[in-house]
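File shown here: entry_13.tsv, holding TSV, C-alpha atoms and all ligand atoms.
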chain	number	residue	atom	x	y	z
A	11	MET	CA	-2.01	11.02	-2.99
A	12	ASP	CA	-1.12	14.38	-1.46
A	13	LEU	CA	0.99	13.87	1.64
A	14	LYS	CA	3.08	17.03	1.29
A	15	GLY	CA	3.87	18.53	4.70
A	16	LYS	CA	2.18	15.62	6.55
A	17	ASP	CA	3.57	13.61	9.46
A	18	PHE	CA	3.98	9.83	9.30
A	19	LEU	CA	3.26	8.69	12.86
A	20	LYS	CA	1.07	5.59	12.44
A	21	LEU	CA	-0.73	3.87	9.57
A	22	LEU	CA	-4.09	4.56	11.23
A	23	ASP	CA	-3.64	8.21	10.14
A	24	LEU	CA	-3.42	7.29	6.44
A	25	SER	CA	-6.15	6.15	4.06
A	26	THR	CA	-5.99	2.89	2.08
A	27	GLU	CA	-5.35	4.98	-1.05
A	28	GLU	CA	-2.50	6.91	0.59
A	29	ILE	CA	-0.80	3.69	1.76
A	30	GLY	CA	-1.27	2.22	-1.74
A	31	GLY	CA	0.18	5.42	-3.22
A	32	LEU	CA	3.25	5.16	-0.98
A	33	LEU	CA	3.74	1.53	-2.06
A	34	ASP	CA	3.52	2.55	-5.73
A	35	LEU	CA	6.02	5.34	-5.18
A	36	SER	CA	8.34	2.91	-3.30
A	37	ALA	CA	8.24	0.50	-6.26
A	38	GLU	CA	8.97	3.36	-8.67
A	39	LEU	CA	11.91	4.66	-6.62
A	40	LYS	CA	13.22	1.11	-6.14
A	41	ALA	CA	13.19	0.55	-9.92
A	42	LYS	CA	15.01	3.86	-10.45
A	43	LYS	CA	17.65	2.94	-7.87
A	44	LYS	CA	18.19	-0.49	-9.51
A	45	GLN	CA	18.56	1.11	-12.94
A	46	GLY	CA	20.93	3.81	-11.65
A	47	ILE	CA	18.48	6.60	-12.56
A	48	PRO	CA	19.04	9.59	-10.25
A	49	HIS	CA	16.02	10.66	-8.17
A	50	ARG	CA	17.24	13.65	-6.17
A	51	LEU	CA	13.71	14.80	-5.42
A	52	CYS	CA	14.59	16.62	-2.19
A	53	GLU	CA	17.84	18.29	-3.28
A	54	GLY	CA	19.18	20.73	-0.69
A	55	LYS	CA	16.83	19.64	2.10
A	56	ASN	CA	17.97	18.22	5.45
A	57	ILE	CA	16.64	15.67	7.93
A	58	ALA	CA	17.39	15.10	11.65
A	59	LEU	CA	17.31	11.50	12.86
A	60	ILE	CA	16.61	11.08	16.57
A	61	PHE	CA	17.28	7.59	17.94
A	62	GLU	CA	16.60	7.10	21.65
A	63	LYS	CA	16.86	3.32	21.00
A	64	THR	CA	19.48	1.56	18.88
A	65	SER	CA	18.98	0.65	15.21
A	66	THR	CA	20.68	-0.84	12.17
A	67	ARG	CA	17.98	-1.00	9.45
A	68	THR	CA	15.91	2.08	10.24
A	69	ARG	CA	18.88	4.39	10.69
A	70	CYS	CA	20.65	3.15	7.54
A	71	ALA	CA	17.40	3.21	5.55
A	72	PHE	CA	16.76	6.86	6.51
A	73	GLU	CA	20.37	7.86	5.81
A	74	VAL	CA	20.66	6.14	2.41
A	75	ALA	CA	17.18	7.31	1.38
A	76	ALA	CA	18.11	10.88	2.31
A	77	TYR	CA	21.41	10.73	0.37
A	78	ASP	CA	19.70	9.27	-2.70
A	79	LEU	CA	17.10	12.06	-2.57
A	80	GLY	CA	19.88	14.69	-2.48
A	81	MET	CA	19.45	15.51	1.21
A	82	GLY	CA	21.80	16.05	4.11
A	83	CYS	CA	21.17	14.25	7.42
A	84	THR	CA	22.24	14.41	11.07
A	85	TYR	CA	22.10	11.38	13.39
A	86	LEU	CA	21.35	12.04	17.06
A	87	GLY	CA	21.91	8.76	18.94
A	88	PRO	CA	20.69	7.49	22.32
A	89	THR	CA	23.47	9.51	23.98
A	90	GLY	CA	25.19	12.73	22.98
A	91	SER	CA	22.28	15.15	22.56
A	92	GLN	CA	20.36	17.20	25.11
A	93	ILE	CA	17.04	15.43	24.36
A	94	GLY	CA	15.14	14.29	27.43
A	95	ILE	CA	17.99	15.06	29.83
A	96	LYS	CA	18.41	18.81	29.52
A	97	GLU	CA	15.76	19.67	26.95
A	98	THR	CA	12.10	18.76	26.52
A	99	ILE	CA	10.60	17.22	23.39
A	100	ALA	CA	8.59	20.40	22.80
A	101	ASP	CA	11.73	22.57	22.82
A	102	THR	CA	13.70	20.05	20.75
A	103	ALA	CA	10.93	20.02	18.12
A	104	ARG	CA	11.01	23.80	17.75
A	105	VAL	CA	14.81	23.95	17.62
A	106	LEU	CA	15.17	21.19	15.00
A	107	ALA	CA	12.23	22.44	12.90
A	108	GLY	CA	14.08	25.73	12.56
A	109	MET	CA	17.07	24.01	10.96
A	110	TYR	CA	15.74	20.88	9.24
A	111	ASP	CA	13.01	20.06	6.71
A	112	ALA	CA	11.96	16.83	8.47
A	113	ILE	CA	12.56	14.96	11.73
A	114	GLU	CA	12.60	11.21	12.36
A	115	TYR	CA	12.08	9.89	15.89
A	116	ARG	CA	12.66	6.41	17.37
A	117	GLY	CA	12.00	5.98	21.05
A	118	PHE	CA	9.54	4.98	23.70
A	119	GLY	CA	5.87	6.03	23.98
A	120	GLN	CA	3.82	7.03	20.95
A	121	GLN	CA	2.85	10.20	22.84
A	122	ILE	CA	6.48	11.38	22.54
A	123	VAL	CA	6.54	11.27	18.74
A	124	GLN	CA	3.05	12.81	18.76
A	125	GLU	CA	4.29	15.68	20.94
A	126	LEU	CA	7.29	16.16	18.68
A	127	ALA	CA	4.91	16.45	15.72
A	128	ASP	CA	2.58	18.80	17.62
A	129	TYR	CA	5.45	21.23	18.22
A	130	SER	CA	7.23	20.81	14.87
A	131	LYS	CA	6.34	22.82	11.81
A	132	VAL	CA	8.09	20.25	9.57
A	133	PRO	CA	7.01	16.61	8.98
A	134	VAL	CA	7.83	14.10	11.73
A	135	TYR	CA	8.30	10.38	10.97
A	136	ASN	CA	7.92	7.55	13.47
A	137	GLY	CA	10.98	5.29	13.27
A	138	LEU	CA	9.53	2.94	15.98
A	139	THR	CA	7.78	3.49	19.28
A	140	ASN	CA	6.56	0.97	21.83
A	141	GLU	CA	3.15	1.04	20.15
A	142	TYR	CA	3.83	1.36	16.42
A	143	HIS	CA	6.44	0.73	13.72
A	144	PRO	CA	4.76	2.11	10.59
A	145	THR	CA	7.79	2.34	8.27
A	146	GLN	CA	8.45	-1.37	8.94
A	147	VAL	CA	4.91	-2.33	7.95
A	148	LEU	CA	5.14	-0.29	4.76
A	149	ALA	CA	8.24	-2.35	3.81
A	150	ASP	CA	6.41	-5.55	4.78
A	151	LEU	CA	3.43	-4.68	2.58
A	152	LEU	CA	5.72	-3.89	-0.36
A	153	THR	CA	7.48	-7.23	0.11
A	154	ILE	CA	4.18	-9.13	0.25
A	155	ARG	CA	2.92	-7.32	-2.86
A	156	GLU	CA	6.15	-8.20	-4.70
A	157	LYS	CA	5.87	-11.86	-3.71
A	158	PHE	CA	2.15	-12.43	-4.34
A	159	GLY	CA	1.33	-9.66	-6.82
A	160	LYS	CA	-1.48	-8.44	-4.54
A	161	LEU	CA	-2.34	-7.59	-0.95
A	162	LYS	CA	-6.09	-8.14	-0.76
A	163	GLY	CA	-7.01	-11.54	0.62
A	164	ILE	CA	-3.46	-12.50	1.64
A	165	HIS	CA	-3.47	-14.24	5.03
A	166	LEU	CA	-0.72	-13.02	7.38
A	167	VAL	CA	-0.25	-14.85	10.68
A	168	TYR	CA	1.71	-13.01	13.35
A	169	MET	CA	3.21	-15.46	15.85
A	170	GLY	CA	4.14	-14.44	19.40
A	171	ASP	CA	3.54	-11.39	21.58
A	172	ALA	CA	1.04	-9.35	19.55
A	173	ARG	CA	0.57	-6.62	22.18
A	174	TYR	CA	3.61	-4.63	21.12
A	175	ASN	CA	4.63	-2.46	18.14
A	176	MET	CA	4.86	-5.15	15.44
A	177	GLY	CA	1.68	-7.05	16.28
A	178	ARG	CA	-0.30	-3.83	16.54
A	179	SER	CA	1.12	-2.17	13.43
A	180	LEU	CA	0.71	-5.26	11.26
A	181	MET	CA	-2.93	-5.53	12.37
A	182	VAL	CA	-3.49	-1.90	11.32
A	183	GLY	CA	-1.65	-2.34	7.99
A	184	CYS	CA	-3.63	-5.50	7.17
A	185	ALA	CA	-6.94	-3.85	8.11
A	186	LYS	CA	-6.20	-0.84	5.89
A	187	MET	CA	-5.06	-2.90	2.90
A	188	GLY	CA	-7.62	-5.74	2.97
A	189	LEU	CA	-5.48	-8.63	4.21
A	190	HIS	CA	-6.53	-11.38	6.64
A	191	PHE	CA	-4.57	-10.78	9.87
A	192	THR	CA	-4.33	-13.48	12.52
A	193	ALA	CA	-2.60	-12.84	15.82
A	194	CYS	CA	-1.44	-16.24	17.07
A	195	SER	CA	-0.60	-15.67	20.73
A	196	PRO	CA	-1.25	-17.02	24.19
A	197	GLU	CA	-4.41	-15.62	25.85
A	198	GLY	CA	-3.70	-12.10	27.10
A	199	TYR	CA	-1.01	-11.45	24.47
A	200	PHE	CA	-3.31	-10.26	21.67
A	201	PRO	CA	-3.41	-6.60	20.56
A	202	PRO	CA	-5.43	-4.29	22.86
A	203	GLU	CA	-9.24	-4.37	22.55
A	204	ASP	CA	-9.78	-0.74	21.54
A	205	LEU	CA	-7.29	-0.98	18.67
A	206	THR	CA	-8.77	-4.32	17.59
A	207	GLU	CA	-12.25	-2.77	17.47
A	208	THR	CA	-10.94	0.15	15.40
A	209	CYS	CA	-9.23	-2.27	13.00
A	210	ARG	CA	-12.35	-4.43	12.69
A	211	SER	CA	-14.38	-1.38	11.71
A	212	ILE	CA	-11.74	-0.40	9.12
A	213	ALA	CA	-11.75	-4.02	7.92
A	214	ALA	CA	-15.51	-3.82	7.27
A	215	GLY	CA	-14.76	-1.30	4.54
A	216	THR	CA	-11.65	-2.91	3.01
A	217	GLY	CA	-12.55	-6.60	3.04
A	218	ALA	CA	-9.89	-7.36	5.65
A	219	VAL	CA	-10.43	-10.01	8.32
A	220	ILE	CA	-8.99	-9.82	11.86
A	221	THR	CA	-8.83	-13.05	13.85
A	222	PHE	CA	-7.14	-14.26	17.03
A	223	GLU	CA	-5.97	-17.85	17.56
A	224	SER	CA	-3.96	-19.56	20.30
A	225	ASP	CA	-3.23	-22.83	18.49
A	226	PRO	CA	-0.12	-22.37	16.25
A	227	ALA	CA	-0.76	-25.40	14.00
A	228	LYS	CA	-4.33	-24.26	13.32
A	229	ALA	CA	-3.26	-20.67	12.72
A	230	VAL	CA	-0.66	-21.41	10.04
A	231	ALA	CA	-2.70	-24.00	8.13
A	232	ASP	CA	-4.13	-21.39	5.74
A	233	ALA	CA	-1.33	-18.80	6.01
A	234	ASP	CA	0.38	-17.11	3.07
A	235	VAL	CA	2.79	-15.31	5.40
A	236	VAL	CA	4.09	-16.42	8.80
A	237	TYR	CA	5.58	-13.40	10.58
A	238	THR	CA	7.37	-13.20	13.89
A	239	ASP	CA	9.40	-10.76	15.99
A	240	ILE	CA	11.74	-11.06	18.98
A	241	TRP	CA	10.00	-12.00	22.22
A	242	VAL	CA	11.52	-9.22	24.33
A	243	SER	CA	11.56	-5.78	22.74
A	244	MET	CA	13.92	-2.84	23.19
A	245	GLY	CA	13.23	-1.03	26.42
A	246	GLU	CA	11.77	-4.10	28.22
A	247	PRO	CA	13.65	-5.29	31.33
A	248	GLU	CA	15.89	-8.35	31.05
A	249	LYS	CA	13.92	-10.10	33.78
A	250	VAL	CA	10.91	-10.64	31.47
A	251	TRP	CA	12.85	-13.22	29.42
A	252	GLU	CA	12.03	-16.08	31.78
A	253	GLU	CA	8.26	-15.54	31.68
A	254	ARG	CA	8.32	-14.78	27.94
A	255	ILE	CA	10.28	-17.95	27.05
A	256	SER	CA	7.89	-20.23	28.87
A	257	LEU	CA	4.84	-18.50	27.36
A	258	MET	CA	6.15	-18.08	23.82
A	259	LYS	CA	8.01	-21.38	23.33
A	260	PRO	CA	4.97	-23.06	21.72
A	261	TYR	CA	4.80	-20.12	19.29
A	262	GLN	CA	8.35	-20.55	17.99
A	263	VAL	CA	8.45	-20.63	14.17
A	264	ASN	CA	10.25	-23.90	13.44
A	265	ALA	CA	10.36	-26.47	10.64
A	266	LYS	CA	7.64	-28.59	12.29
A	267	LEU	CA	5.27	-25.63	12.43
A	268	MET	CA	6.01	-24.65	8.83
A	269	GLU	CA	5.14	-28.22	7.71
A	270	ASN	CA	1.54	-27.31	8.56
A	271	ALA	CA	1.62	-24.33	6.19
A	272	LYS	CA	0.99	-24.23	2.45
A	273	ASP	CA	3.99	-24.85	0.12
A	274	THR	CA	3.70	-21.25	-1.05
A	275	CYS	CA	3.79	-19.77	2.46
A	276	ILE	CA	6.66	-17.33	3.10
A	277	PHE	CA	8.45	-16.41	6.33
A	278	MET	CA	8.91	-12.77	7.40
A	279	HIS	CA	10.61	-11.07	10.35
A	280	CYS	CA	11.29	-7.37	10.95
A	281	LEU	CA	14.76	-8.25	12.34
A	282	PRO	CA	17.00	-8.32	14.31
A	283	SER	CA	16.39	-11.99	15.08
A	284	TYR	CA	17.66	-14.56	17.57
A	285	HIS	CA	17.67	-17.48	15.11
A	286	ASP	CA	20.95	-18.91	16.39
A	287	LEU	CA	23.39	-18.49	19.26
A	288	LYS	CA	25.82	-16.24	17.38
A	289	THR	CA	24.79	-12.98	19.06
A	290	GLU	CA	25.51	-11.89	22.62
A	291	ILE	CA	21.86	-12.01	23.75
A	292	GLY	CA	20.97	-15.04	21.59
A	293	LYS	CA	23.81	-17.03	23.16
A	294	LYS	CA	23.09	-15.92	26.73
A	295	VAL	CA	19.35	-16.61	26.58
A	296	GLY	CA	19.60	-19.68	24.32
A	297	GLU	CA	22.16	-21.39	26.56
A	298	LYS	CA	20.25	-20.53	29.73
A	299	TYR	CA	16.99	-22.04	28.44
A	300	GLY	CA	18.52	-24.82	26.31
A	301	MET	CA	17.33	-23.50	22.95
A	302	ASP	CA	19.27	-23.22	19.62
A	303	GLY	CA	17.05	-20.45	18.33
A	304	LEU	CA	14.39	-18.38	20.04
A	305	GLU	CA	11.42	-16.90	18.13
A	306	VAL	CA	12.50	-18.71	14.92
A	307	THR	CA	14.85	-21.60	14.29
A	308	ASP	CA	17.83	-21.22	11.98
A	309	ASP	CA	16.50	-23.76	9.45
A	310	VAL	CA	13.37	-21.66	8.82
A	311	PHE	CA	15.28	-18.36	8.90
A	312	GLU	CA	17.73	-19.65	6.26
A	313	SER	CA	15.12	-21.56	4.23
A	314	GLU	CA	13.79	-20.83	0.74
A	315	ARG	CA	10.58	-19.55	2.33
A	316	SER	CA	12.41	-16.77	4.16
A	317	VAL	CA	12.28	-13.30	2.55
A	318	VAL	CA	13.77	-11.42	5.50
A	319	PHE	CA	16.63	-9.78	3.64
A	320	GLU	CA	14.44	-8.55	0.77
A	321	GLU	CA	12.12	-7.21	3.46
A	322	ALA	CA	15.07	-5.42	5.11
A	323	GLU	CA	16.14	-3.86	1.80
A	324	ASN	CA	12.59	-2.63	1.25
A	325	ARG	CA	12.89	-0.55	4.43
A	326	MET	CA	15.05	1.85	2.42
A	327	HIS	CA	12.81	2.06	-0.65
A	328	THR	CA	9.66	2.62	1.42
A	329	ILE	CA	11.25	5.16	3.78
A	330	LYS	CA	12.49	7.00	0.70
A	331	ALA	CA	8.92	7.13	-0.59
A	332	VAL	CA	7.67	8.55	2.73
A	333	ILE	CA	10.31	11.30	2.67
A	334	ALA	CA	9.75	12.10	-1.02
A	335	ALA	CA	5.93	12.15	-0.69
A	336	THR	CA	5.96	14.47	2.31
A	337	LEU	CA	8.74	16.83	1.17
A	338	SER	CA	8.64	17.11	-2.61
B	401	LIG	N1	13.46	-3.69	11.89
B	401	LIG	C1	14.08	-2.64	12.45
B	401	LIG	O1	13.48	-1.61	12.76
B	401	LIG	O2	15.40	-2.81	12.62
B	401	LIG	P1	16.39	-1.83	13.41
B	401	LIG	O3	16.04	-1.93	14.87
B	401	LIG	O4	17.77	-2.34	13.10
B	401	LIG	O5	16.17	-0.44	12.90
B	402	LIG	N1	9.48	-5.33	18.74
B	402	LIG	C1	10.85	-4.98	18.39
B	402	LIG	C2	10.92	-4.52	16.99
B	402	LIG	C3	12.30	-4.25	16.48
B	402	LIG	C4	12.33	-3.78	15.06
B	402	LIG	C5	11.34	-3.91	19.35
B	402	LIG	O1	10.60	-2.97	19.63
B	402	LIG	O2	12.47	-4.04	19.84

Output the structure of this file as structure tokens.
Ligand code: CP
Ligand code: NVA
Amino acid sequence: MDLKGKDFLKLLDLSTEEIGGLLDLSAELKAKKKQGIPHRLCEGKNIALIFEKTSTRTRCAFEVAAYDLGMGCTYLGPTGSQIGIKETIADTARVLAGMYDAIEYRGFGQQIVQELADYSKVPVYNGLTNEYHPTQVLADLLTIREKFGKLKGIHLVYMGDARYNMGRSLMVGCAKMGLHFTACSPEGYFPPEDLTETCRSIAAGTGAVITFESDPAKAVADADVVYTDIWVSMGEPEKVWEERISLMKPYQVNAKLMENAKDTCIFMHCLPSYHDLKTEIGKKVGEKYGMDGLEVTDDVFESERSVVFEEAENRMHTIKAVIAATLS
């Protein structure tokens, strides 16, 4: 694997071997971290973190990964910088590339992170766009590999709105690494056709399978992993909740649905999650529509099957591998 100087914008840009190499490096760096073995592979380098949307996991993962690698980092949040308001992405890229060794970007369209990369002479990492969330999928793949000891042939069922970043990125990750990906969504909420075609042609070479299903009970019957995400993503208007709730309610991951799955099936979620009414939005939406949990119920979220916090921790180990592989 030689990723030195490369961007990390979407998994489609990487080969199966490169993704596998990043997972191996993540496991190695995770083991070092657990054993307290220093791994300051990027000593003296610096990274700029641009967040045009909010974050807990991705921001903290980048910051801790950078510190562990011996780097400095600067966080530029949704407010407080000139980006987008007084300065273009092209100018921002050239300014930051003059001071930093790498730039992370979380925001809206994929074309923005692409433009940043086009104008930056240092590696650019995608920390989530509307279309893709590649560092999340890297952590998901590492988690699956840890749980099952392999990736090839594992059946991952994504429940809910598969048109957005998580549904799309998981389909790409599964296609590249030889998993069986099922999008379980209402008609019209599957990933876009052109991306599906691309993934099916990748799948032909990796042994992956890409299927779409609208019946939740059928979809999970053979699943090794049931995965879901919030029904309304960052940047979407509040008014879409009503339509989304009525469409997605049958796709809620609850105990009854999980009864249809194998005993060995695990539950995954990129987080944050509305699994109870203890958050501001969870409470507001849950009370309005008479639901205790939205995309997943609390009993599944807190069950033995749920690996969501291991998955969250793996964000840091995998992001560290991306930084180390592209900078050292
Ligand atoms: N999963 C994820 O990207 O979480 P944050 O929005 O907290 O970064
Ligand atoms: N689909 C979600 C993912 C959050 C990690 C969003 O874009 O808000």

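Each of A:Cys83, A:Leu180, A:Val332, A:Ile276 was checked against ligand LIG 402 (chain B) using all atoms listed in the file; the smallest atom-to-atom distance is that of A:Leu180.
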
Q) What does the distance from atom CA of A:Glu246 to atom CA of A:Phe118 come to in Å, to one decimal? A)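 Computed distance, atom CA of A:Glu246 to atom CA of A:Phe118, equals 10.4 Å.
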
Q: Let me have all residues with an atom within 10 Å of ligand LIG 401 (chain B), counting only C-alpha atoms and all ligand atoms, laid out as a ChimeraX atom specification.
A: /A:61,63-72,116,137-138,143-147,149,176,239,243-244,279-283,321-322,325

Q | One-decimal distance in Å that lies between atom CA of A:Thr98 and atom CA of A:Asn140 | A | 19.2 Å

Q.
Measuring between all atoms listed in the file, which one of A:Val310, A:Val263, A:Ile240, A:Met301 shows the shortest distance to ligand LIG 402 (chain B)?
A. A:Ile240

Q) Near A:Met268, counting all atoms listed in the file, which residues have an atom at most 9 Å away, once you skip same-chain residues fewer than 2 positions from it, shown as a ChimeraX atom specification? A) /A:227,230-231,236,263-266,270-273,275,277,310

Q: Scan for residues within 10 Å of the point (24.4, 7.7, 23.6) in the coordinates of the file, using all atoms listed in the file, and reply as a ChimeraX atom specification.
A: /A:61-64,86-91

Q: Give me, please, the distance in Å between atom CA of A:Thr221 and atom CA of A:Gly183, quoted to one decimal.
A: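 Here the two named atoms are 14.2 Å from each other.
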
Q: Compile the contact shell of A:Met187 as a list in words: residues with an atom at most 8 Å away, counting all atoms listed in the file, same-chain residues fewer than 4 positions apart removed.
A: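 Using all atoms listed in the file, the neighbours found are Thr26, Ile29, Gly30, Leu161, Lys162, Gly183, Thr216 and Ala218 of chain A.
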
Q | For A:Phe158: contacts at 12 Å, only C-alpha atoms, fewer than 6 positions along chain excluded, given as a list of chain:residue names | A | A:Leu151, A:Leu152, A:Ile164, A:His165, A:Asp234, A:Val235, A:Thr274, A:Cys275, A:Ile276

**Q.** Using only C-alpha atoms: which of A:Glu312, A:Glu203, A:Glu248, A:Asp17 has the shortest distance to A:Val132
**A.** A:Asp17

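Distances here use all atoms listed in the file; by that measure, the residue among A:Met326, A:Ala229, A:Leu267, A:Ala213 closest to A:Leu22 is A:Ala213.
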
Q | Residue with smallest distance to A:Ala127 - pool A:Tyr168, A:Phe18, A:Tyr261, A:Phe311, counting only C-alpha atoms | A | A:Phe18

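Closest to ligand LIG 402 (chain B) among A:Ala331, A:Ala172, A:Ala214, A:Ile93 is A:Ala172, based on all atoms listed in the file.
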
**Q.** For A:Leu205: contacts at 12 Å, only C-alpha atoms, fewer than 5 positions along chain excluded, given as a ChimeraX atom specification
**A.** /A:22,141-142,172-174,177-182,185,200,210-212,220
